[in-house]
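Down below is the structure, laid out as structure tokens.
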Amino acid sequence: MTDQDALLVKDVMKRAADGLGPLPDLVPEAVARGGRRRARTRLALTAGAFGAVALGVLGVAALSGGSGRAPASGTGVAAAPAPYRTPVHVRPSPGEKVEGRLTGLPAGERQRLEGFQQRAAVALDEALPDTVGTVRPVDSTVARYQGEADGNVFTVTFTVRPADGRAAEDCRDVPAKRMTCVKAELTEGVEARLRRAAVNSLATESTSIAFEFGNSTVLINVSPDEGKGVSAPVTVEQLLDGVRGSGLLDVVRYADEHPVLQKQVSVQGG
């Protein structure tokens, strides 16, 4: 490794540590639930940033004959944290249109998106309560993740896409669909819309948060395990507090600056 590569690794390690910031001042219940989990996650994110940069420098050096000169792609920001989370294989339903497919992509782009998924899975795990289970990426699309707890499986949709210029959907209650919607400040200058809504039947409900960030629209939706008749085990308050107090907005910021999905006409839950 050259002096220039060593400086690169040192700089990225510093930026990774600085970017995590201090732990948020949470209520006692949240501290009891997630303090140790957040500490482990922050350690993993820092270690992962170093490991990915070191591997990237070595890999580029090997491909370029030892020069160590890396392309100016900026993809190191989405470095996969350790430990690696084995993706879940989910077969798409017949006729289902899957956005953000990982198949058929150039090797470099697929590697970038898989690295993004790893970081997103850790941040989602940090943001969501333990009742959702350990969050892992789904292997077919960058937009989908899965948690499993007590034999129940919960699909987590996480999308950050370039804004299409349309106004967000109205935040209103729809009693006939058992849907409630409230607005709340997520962070300074960012207003979130939080929904709890029935999915396919009145017996099971999902929980979601949608907001605008930079030049993107963001959606995080936790679906029920419909087969077991179990609603999403997270309240809108838990989802709001989790996104606020985790590293998820750093992942959103990366996807806003380095898009992982294409713009589309409409956004679910927006």
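Residue numbers start at 1 in each chain; chains themselves are named A, B, ... in the order of the structure tokens; ligands are numbered from 1 in the order shown.
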
Requested in this report: Fewer than 2 positions away in the same chain doesn't count, so skip those; otherwise give me all residues within 12 Å of A:Glu109, counting only C-alpha atoms, as a list in words.
Outcome: Ser73, Gly74, Thr75, Ala78, Gly100, Arg101, Leu102, Thr103, Gly104, Leu105, Pro106, Ala107, Gln111, Arg112, Leu113, Glu114, Gly115, Phe116, Val142, His258, Pro259, Val260 and Leu261 of chain A

Query - Spatial neighbours of A:Glu185, max dist 10 Å, only C-alpha atoms, sep filter under 5 positions, as number ranges by chain - result: A: 190-193, 211, 240, 244

Query raised in the report: If we count only C-alpha atoms, what is near stretch 167-184 of chain A at a cut-off of 10 Å, once residues fewer than 6 positions away on the same chain are taken out, given as an MDAnalysis selection string?
Result: chainID A and resid 190:212 217 236:237 240 266:270
